[in-house]
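my_file34.csv follows (CSV, C-alpha atoms):
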chain,number,residue,atom,x,y,z
A,1,MET,CA,94.4,-43.0,-28.6
A,2,ARG,CA,92.8,-44.1,-25.4
A,3,ILE,CA,89.2,-45.4,-25.9
A,4,GLU,CA,87.6,-47.1,-23.0
A,5,ILE,CA,84.2,-47.9,-21.4
A,6,VAL,CA,84.5,-48.5,-17.7
A,7,GLU,CA,82.3,-49.3,-14.7
A,8,GLU,CA,84.4,-47.6,-12.1
A,9,ALA,CA,85.3,-44.0,-11.4
A,10,ILE,CA,87.1,-42.2,-14.3
A,11,PRO,CA,90.5,-40.9,-13.1
A,12,ALA,CA,90.2,-37.6,-15.0
A,13,ASP,CA,93.3,-35.9,-13.7
A,14,GLN,CA,95.5,-38.9,-14.3
A,15,ILE,CA,94.2,-39.5,-17.8
A,16,ALA,CA,94.7,-35.8,-18.7
A,17,ALA,CA,98.2,-35.8,-17.3
A,18,ALA,CA,99.2,-38.9,-19.2
A,19,MET,CA,98.1,-37.4,-22.5
A,20,LYS,CA,100.7,-34.6,-22.5
A,21,ALA,CA,103.7,-34.9,-24.8
A,22,GLY,CA,106.5,-32.5,-25.8
A,23,ALA,CA,105.0,-31.6,-29.2
A,24,ASP,CA,101.8,-30.4,-27.5
A,25,GLY,CA,100.9,-26.7,-26.9
A,26,ALA,CA,97.5,-27.4,-25.5
A,27,VAL,CA,95.5,-30.1,-23.8
A,28,CYS,CA,91.7,-29.5,-23.8
A,29,VAL,CA,89.7,-31.5,-21.3
A,30,PHE,CA,85.9,-32.0,-21.3
A,31,ASP,CA,84.8,-33.5,-18.0
A,32,GLY,CA,81.1,-34.4,-18.3
A,33,ILE,CA,79.5,-34.8,-14.8
A,34,VAL,CA,76.1,-35.7,-13.4
A,35,ARG,CA,74.0,-32.7,-12.6
A,36,ASP,CA,71.6,-32.6,-9.6
A,37,ASN,CA,68.5,-31.8,-11.6
A,38,THR,CA,66.8,-32.0,-15.0
A,39,ARG,CA,64.6,-29.0,-15.7
A,40,GLY,CA,64.3,-28.4,-12.0
A,41,ARG,CA,63.4,-32.0,-11.1
A,42,LYS,CA,65.8,-33.3,-8.5
A,43,THR,CA,68.0,-36.1,-9.7
A,44,LEU,CA,69.1,-38.8,-7.3
A,45,TYR,CA,71.3,-40.8,-9.7
A,46,LEU,CA,71.7,-41.9,-13.3
A,47,ASP,CA,72.0,-45.5,-14.6
A,48,TYR,CA,74.0,-45.7,-17.9
A,49,GLU,CA,73.9,-48.6,-20.2
A,50,ALA,CA,75.5,-49.2,-23.6
A,51,TYR,CA,75.6,-51.5,-26.7
A,52,ARG,CA,79.1,-52.0,-25.6
A,53,ASP,CA,81.0,-53.4,-28.6
A,54,MET,CA,79.3,-51.0,-31.0
A,55,ALA,CA,79.9,-48.0,-28.6
A,56,LEU,CA,83.6,-48.8,-28.5
A,57,SER,CA,83.9,-49.0,-32.2
A,58,GLN,CA,81.9,-45.8,-32.7
A,59,MET,CA,84.1,-44.0,-30.1
A,60,ARG,CA,87.3,-45.3,-31.8
A,61,ALA,CA,86.0,-44.1,-35.2
A,62,LEU,CA,85.1,-40.6,-33.7
A,63,ALA,CA,88.6,-40.2,-32.2
A,64,GLU,CA,90.2,-41.2,-35.6
A,65,GLU,CA,87.9,-38.7,-37.4
A,66,ALA,CA,88.8,-35.9,-35.0
A,67,ILE,CA,92.5,-36.5,-35.5
A,68,ALA,CA,92.1,-36.5,-39.3
A,69,LYS,CA,89.6,-33.5,-39.4
A,70,TYR,CA,91.2,-31.2,-36.9
A,71,GLY,CA,94.9,-32.2,-37.1
A,72,VAL,CA,95.2,-32.8,-33.4
A,73,ARG,CA,97.9,-35.2,-32.1
A,74,ASP,CA,96.0,-37.5,-29.8
A,75,VAL,CA,92.5,-38.1,-28.3
A,76,ALA,CA,91.3,-39.9,-25.2
A,77,LEU,CA,87.6,-40.8,-24.9
A,78,VAL,CA,86.4,-42.6,-21.8
A,79,HIS,CA,82.8,-43.3,-20.8
A,80,ARG,CA,81.5,-44.8,-17.6
A,81,LEU,CA,78.5,-47.1,-17.3
A,82,GLY,CA,76.4,-48.2,-14.3
A,83,ARG,CA,75.0,-46.1,-11.5
A,84,LEU,CA,76.5,-42.6,-11.3
A,85,MET,CA,75.8,-40.1,-8.5
A,86,VAL,CA,75.6,-36.3,-8.7
A,87,GLY,CA,79.1,-34.9,-9.5
A,88,ASP,CA,80.5,-38.2,-10.9
A,89,THR,CA,82.3,-38.0,-14.3
A,90,SER,CA,80.2,-39.8,-16.9
A,91,VAL,CA,82.4,-39.0,-19.9
A,92,LEU,CA,85.9,-37.7,-20.2
A,93,ILE,CA,87.4,-36.3,-23.4
A,94,VAL,CA,91.0,-35.2,-23.7
A,95,VAL,CA,92.5,-33.7,-26.8
A,96,ALA,CA,96.2,-33.0,-27.1
A,97,SER,CA,97.4,-30.7,-29.9
A,98,ALA,CA,100.2,-28.4,-30.9
A,99,HIS,CA,97.7,-25.4,-30.9
A,100,ARG,CA,94.7,-24.5,-28.7
A,101,GLY,CA,92.2,-23.7,-31.5
A,102,ALA,CA,92.3,-27.2,-32.9
A,103,ALA,CA,92.1,-28.7,-29.4
A,104,PHE,CA,89.0,-26.7,-28.5
A,105,ASP,CA,87.3,-27.4,-31.8
A,106,ALA,CA,88.0,-31.1,-31.8
A,107,CYS,CA,86.9,-31.4,-28.1
A,108,ARG,CA,83.6,-29.7,-28.8
A,109,TRP,CA,82.9,-31.7,-31.9
A,110,LEU,CA,83.7,-35.0,-30.1
A,111,ILE,CA,81.2,-34.4,-27.3
A,112,ASP,CA,78.5,-33.1,-29.6
A,113,THR,CA,78.9,-36.0,-32.0
A,114,LEU,CA,79.3,-38.7,-29.3
A,115,LYS,CA,75.9,-37.6,-27.8
A,116,LYS,CA,74.2,-38.2,-31.1
A,117,THR,CA,75.8,-41.3,-32.5
A,118,VAL,CA,77.4,-43.5,-29.7
A,119,PRO,CA,74.9,-46.1,-28.5
A,120,ILE,CA,74.8,-45.3,-24.8
A,121,TRP,CA,71.6,-44.5,-22.8
A,122,LYS,CA,70.8,-43.2,-19.4
A,123,LYS,CA,67.8,-43.7,-17.1
A,124,GLU,CA,67.3,-40.8,-14.7
A,125,GLN,CA,66.1,-41.6,-11.2
A,126,PHE,CA,64.2,-38.8,-9.6
A,127,GLU,CA,62.7,-38.6,-6.1
A,128,ASP,CA,59.3,-39.4,-7.6
A,129,GLY,CA,60.0,-41.8,-10.4
A,130,ALA,CA,62.4,-42.8,-13.2
A,131,VAL,CA,62.5,-42.1,-17.0
A,132,TRP,CA,64.8,-43.0,-19.9
A,133,ALA,CA,66.3,-39.6,-20.9
A,134,ASP,CA,65.1,-38.2,-24.2
A,135,GLY,CA,68.0,-38.8,-26.5
A,136,GLU,CA,69.1,-36.4,-29.2
A,137,PRO,CA,67.6,-37.2,-32.6
A,138,PHE,CA,69.9,-39.3,-34.8
A,139,PRO,CA,71.6,-37.5,-37.7
A,140,GLU,CA,69.7,-38.0,-40.9
A,141,GLU,CA,72.4,-40.3,-42.4
A,142,ILE,CA,71.7,-42.7,-39.6
A,143,VAL,CA,67.9,-42.7,-39.6
A,144,PRO,CA,66.6,-42.9,-43.1
A,145,GLN,CA,63.7,-40.6,-43.8
A,146,SER,CA,61.3,-43.5,-44.1
A,147,ASN,CA,62.1,-46.2,-41.7
A,148,GLY,CA,59.1,-48.4,-42.7
A,149,THR,CA,57.2,-47.6,-39.5
A,150,GLY,CA,54.9,-44.9,-40.7
A,151,GLY,CA,57.2,-42.3,-39.3
A,152,GLN,CA,57.3,-38.6,-40.2
A,153,PRO,CA,58.3,-38.0,-43.9
B,154,MET,CA,66.4,-67.5,-41.7
B,155,ARG,CA,66.9,-66.6,-38.1
B,156,VAL,CA,68.3,-63.3,-36.7
B,157,THR,CA,69.0,-62.1,-33.2
B,158,VAL,CA,67.3,-58.8,-32.2
B,159,LEU,CA,68.7,-56.8,-29.3
B,160,PHE,CA,66.7,-54.1,-27.5
B,161,PHE,CA,68.2,-51.1,-25.6
B,162,GLY,CA,66.9,-48.4,-23.3
B,163,VAL,CA,63.1,-48.0,-23.3
B,164,LEU,CA,62.7,-50.7,-26.0
B,165,LYS,CA,63.9,-53.3,-23.5
B,166,GLU,CA,60.8,-52.5,-21.4
B,167,GLU,CA,58.5,-52.2,-24.4
B,168,PHE,CA,59.4,-55.6,-25.8
B,169,GLY,CA,60.0,-57.3,-22.5
B,170,GLY,CA,63.6,-58.4,-22.6
B,171,GLU,CA,67.1,-57.7,-23.8
B,172,SER,CA,67.0,-59.9,-26.9
B,173,GLU,CA,65.0,-62.4,-28.9
B,174,GLU,CA,65.4,-64.6,-32.0
B,175,MET,CA,63.3,-63.8,-35.0
B,176,GLU,CA,62.4,-66.0,-38.0
B,177,LEU,CA,62.2,-64.1,-41.3
B,178,PRO,CA,61.7,-65.1,-44.9
B,179,GLU,CA,64.9,-65.2,-47.0
B,180,GLY,CA,65.7,-61.8,-48.5
B,181,SER,CA,64.0,-59.8,-45.7
B,182,THR,CA,65.2,-56.2,-45.2
B,183,VAL,CA,65.7,-54.1,-42.1
B,184,GLY,CA,62.5,-52.3,-43.1
B,185,ASP,CA,60.6,-55.7,-43.0
B,186,LEU,CA,61.8,-56.4,-39.6
B,187,LEU,CA,60.9,-52.9,-38.4
B,188,GLN,CA,57.4,-53.4,-39.6
B,189,ARG,CA,56.9,-56.4,-37.4
B,190,TYR,CA,57.9,-54.3,-34.3
B,191,ALA,CA,55.8,-51.4,-35.5
B,192,ALA,CA,52.8,-53.8,-35.4
B,193,ARG,CA,53.7,-54.9,-31.9
B,194,ALA,CA,54.1,-51.4,-30.6
B,195,ALA,CA,51.0,-50.1,-32.5
B,196,SER,CA,49.8,-48.3,-29.4
B,197,ARG,CA,53.0,-46.3,-29.1
B,198,PRO,CA,53.9,-45.3,-32.7
B,199,LYS,CA,56.3,-42.6,-31.7
B,200,LEU,CA,58.6,-45.2,-30.0
B,201,LEU,CA,59.7,-46.6,-33.3
B,202,GLN,CA,59.7,-43.5,-35.4
B,203,SER,CA,62.9,-42.2,-34.0
B,204,LEU,CA,65.0,-45.3,-33.6
B,205,ALA,CA,68.1,-46.3,-35.5
B,206,VAL,CA,69.0,-49.9,-36.5
B,207,ALA,CA,72.4,-51.5,-36.4
B,208,VAL,CA,73.3,-54.8,-38.1
B,209,ASN,CA,76.4,-56.5,-36.8
B,210,ARG,CA,77.3,-53.4,-34.9
B,211,GLU,CA,77.1,-51.0,-37.8
B,212,TYR,CA,74.3,-48.5,-38.5
B,213,ALA,CA,72.1,-49.9,-41.3
B,214,GLY,CA,69.4,-48.6,-43.7
B,215,VAL,CA,65.9,-49.9,-44.2
B,216,ALA,CA,66.8,-51.4,-47.6
B,217,ASP,CA,69.7,-53.4,-46.2
B,218,ILE,CA,69.1,-57.2,-46.6
B,219,LEU,CA,69.4,-59.4,-43.6
B,220,GLN,CA,71.4,-62.6,-43.5
B,221,GLN,CA,71.0,-65.7,-41.4
B,222,GLY,CA,72.7,-65.2,-38.0
B,223,ASP,CA,72.8,-61.4,-38.2
B,224,GLU,CA,72.8,-59.4,-34.9
B,225,VAL,CA,70.2,-56.6,-35.3
B,226,ALA,CA,70.0,-53.9,-32.7
B,227,LEU,CA,67.1,-51.5,-32.2
B,228,LEU,CA,68.5,-48.3,-30.8
B,229,PRO,CA,66.5,-45.5,-29.3
B,230,PRO,CA,67.9,-42.0,-29.6
B,231,VAL,CA,71.2,-42.1,-27.6
B,232,SER,CA,71.7,-40.1,-24.4
B,233,GLY,CA,75.2,-40.8,-23.3
B,234,GLY,CA,77.6,-38.1,-22.1
B,235,ALA,CA,76.5,-35.3,-19.9
B,236,ARG,CA,73.6,-33.1,-20.5
Whole structure, structure tokens version:
Amino acid sequence: MRIEIVEEAIPADQIAAAMKAGADGAVCVFDGIVRDNTRGRKTLYLDYEAYRDMALSQMRALAEEAIAKYGVRDVALVHRLGRLMVGDTSVLIVVASAHRGAAFDACRWLIDTLKKTVPIWKKEQFEDGAVWADGEPFPEEIVPQSNGTGGQP
Amino acid sequence: MRVTVLFFGVLKEEFGGESEEMELPEGSTVGDLLQRYAARAASRPKLLQSLAVAVNREYAGVADILQQGDEVALLPPVSGGAR
């Protein structure tokens, strides 16, 4: 497994190439990049930050779960922090597997789950202001129904 | 007892910093700590409704009891990855 949080550009092609082994019939790559707008509002750049130690342990746990759940051979999960410009890779997921079905399924599950549970946040800088991006709601098992703050039942 | 509280994302701006020390009675729970912040952010109740809490880098529930020296992180909904 290759689990990293980095500040510099993610060498996507190099990481994907290094994941290949003789037993693999498929390598599925998800390359998440910075889009030039959010709902039509022009994005200048994004600033990513993380609760780094926890993010790394969560990413490691997700990779292990993907291997156990989908029977894939190996997983790379790399996330970048700091200021990212349009077109930069923010997250790279590579899944190597004997068969393509498991590789696609594991890759999809990894990005969807990472976006809900790994403590990383981004602030979006637009031409006319900046906002912390709305995150996806935490899964119920992470946020108890009543968190003692008078939240929704 | 004393715990360290870490703030991330929008909470850093709401509570004016990256972290602070908090003194709590022995036996306090995660829920007790959250209530203190709910009182401080009373004008923005939605801010705290959706957050998760980690104690020593593991997700925690409101009933979990805190210990001297714990690292408690208040986590807004996460937004890593690509959209």
Residue list for chain A near chain B as a VMD selection string, 10 Å, all atoms listed in the file: chain A and resid 31 to 35 38 48 to 55 57 to 58 78 to 81 89 to 92 111 to 112 114 to 123 131 to 139 141 to 152
So that I can see what lies close to A:Asp128, please list as an NGL selection string the residues with an atom at most 10 Å from it, counting all atoms listed in the file and leaving out residues fewer than 4 positions away in the same chain. :A and (41-44)
Given the choices A:Asp105, A:Gly40, A:Leu77, A:Glu64, which gets closest to A:Ile93 if the distance is worked out from only C-alpha atoms?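 Among A:Asp105, A:Gly40, A:Leu77, A:Glu64, it is A:Leu77 that comes nearest to A:Ile93.
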Could you name the residues that touch A:Gly82 at 9 Å or less, counting all atoms listed in the file, but leaving out those on the same chain fewer than 5 positions away, as a list in words? Val6, Glu7, Glu8, Leu46, Asp47, Tyr48 and Glu49 of chain A
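For the pair atom CA of A:Asn37 and atom CA of A:Ala16, the interatomic distance is 27.4 Å.
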Please report the interatomic distance between atom CA of A:Ala102 and atom CA of A:Phe30 in Å with one decimal.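 We find that atom CA of A:Ala102 and atom CA of A:Phe30 lie 14.1 Å from each other.
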Pairwise distance for atom CA of B:Thr182 and atom CA of B:Leu227, rounded to one decimal in Å: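 Interatomic distance here is 14.0 Å.
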Hey, could you patch up stretch 183-204 of chain B with N, CA, C and O atoms and hand it over as a CSV table (one decimal), in the coordinates of the input?
chain,number,residue,atom,x,y,z
B,183,VAL,N,65.9,-54.8,-43.4
B,183,VAL,CA,65.7,-54.1,-42.1
B,183,VAL,C,64.3,-53.5,-42.0
B,183,VAL,O,63.7,-53.6,-40.9
B,184,GLY,N,63.8,-52.9,-43.1
B,184,GLY,CA,62.5,-52.3,-43.1
B,184,GLY,C,61.4,-53.4,-42.8
B,184,GLY,O,60.5,-53.1,-42.0
B,185,ASP,N,61.6,-54.6,-43.3
B,185,ASP,CA,60.6,-55.7,-43.0
B,185,ASP,C,60.6,-56.0,-41.6
B,185,ASP,O,59.5,-56.2,-40.9
B,186,LEU,N,61.8,-56.1,-41.0
B,186,LEU,CA,61.8,-56.4,-39.6
B,186,LEU,C,61.2,-55.3,-38.7
B,186,LEU,O,60.5,-55.5,-37.8
B,187,LEU,N,61.5,-54.0,-39.1
B,187,LEU,CA,60.9,-52.9,-38.4
B,187,LEU,C,59.4,-52.9,-38.4
B,187,LEU,O,58.7,-52.6,-37.4
B,188,GLN,N,58.8,-53.4,-39.5
B,188,GLN,CA,57.4,-53.4,-39.6
B,188,GLN,C,56.7,-54.3,-38.6
B,188,GLN,O,55.7,-54.1,-38.1
B,189,ARG,N,57.5,-55.4,-38.4
B,189,ARG,CA,56.9,-56.4,-37.4
B,189,ARG,C,56.9,-55.7,-36.0
B,189,ARG,O,55.9,-55.9,-35.2
B,190,TYR,N,57.9,-55.0,-35.7
B,190,TYR,CA,57.9,-54.3,-34.3
B,190,TYR,C,56.9,-53.2,-34.3
B,190,TYR,O,56.3,-52.9,-33.2
B,191,ALA,N,56.8,-52.5,-35.4
B,191,ALA,CA,55.8,-51.4,-35.5
B,191,ALA,C,54.4,-52.0,-35.1
B,191,ALA,O,53.6,-51.3,-34.4
B,192,ALA,N,54.1,-53.1,-35.7
B,192,ALA,CA,52.8,-53.8,-35.4
B,192,ALA,C,52.7,-54.1,-33.9
B,192,ALA,O,51.6,-53.9,-33.3
B,193,ARG,N,53.8,-54.6,-33.3
B,193,ARG,CA,53.7,-54.9,-31.9
B,193,ARG,C,53.6,-53.7,-31.0
B,193,ARG,O,53.1,-53.8,-29.9
B,194,ALA,N,54.1,-52.6,-31.4
B,194,ALA,CA,54.1,-51.4,-30.6
B,194,ALA,C,53.1,-50.4,-31.2
B,194,ALA,O,53.3,-49.2,-31.1
B,195,ALA,N,52.0,-50.9,-31.8
B,195,ALA,CA,51.0,-50.1,-32.5
B,195,ALA,C,50.5,-49.0,-31.6
B,195,ALA,O,50.1,-47.9,-32.0
B,196,SER,N,50.4,-49.3,-30.3
B,196,SER,CA,49.8,-48.3,-29.4
B,196,SER,C,50.8,-47.1,-29.1
B,196,SER,O,50.4,-46.1,-28.5
B,197,ARG,N,52.0,-47.3,-29.4
B,197,ARG,CA,53.0,-46.3,-29.1
B,197,ARG,C,53.8,-46.0,-30.4
B,197,ARG,O,55.1,-46.3,-30.4
B,198,PRO,N,53.2,-45.5,-31.4
B,198,PRO,CA,53.9,-45.3,-32.7
B,198,PRO,C,55.2,-44.5,-32.6
B,198,PRO,O,56.1,-44.7,-33.4
B,199,LYS,N,55.2,-43.5,-31.7
B,199,LYS,CA,56.3,-42.6,-31.7
B,199,LYS,C,57.6,-43.3,-31.3
B,199,LYS,O,58.7,-42.9,-31.6
B,200,LEU,N,57.4,-44.4,-30.5
B,200,LEU,CA,58.6,-45.2,-30.0
B,200,LEU,C,59.5,-45.6,-31.2
B,200,LEU,O,60.7,-45.5,-31.1
B,201,LEU,N,58.9,-46.1,-32.2
B,201,LEU,CA,59.7,-46.6,-33.3
B,201,LEU,C,60.1,-45.6,-34.4
B,201,LEU,O,60.9,-45.9,-35.2
B,202,GLN,N,59.4,-44.4,-34.4
B,202,GLN,CA,59.7,-43.5,-35.4
B,202,GLN,C,61.1,-42.9,-35.3
B,202,GLN,O,61.7,-42.6,-36.4
B,203,SER,N,61.7,-42.9,-34.2
B,203,SER,CA,62.9,-42.2,-34.0
B,203,SER,C,64.1,-43.1,-33.8
B,203,SER,O,65.2,-42.6,-33.6
B,204,LEU,N,63.9,-44.4,-34.0
B,204,LEU,CA,65.0,-45.3,-33.6
B,204,LEU,C,65.9,-45.5,-34.8
B,204,LEU,O,65.6,-45.3,-36.0
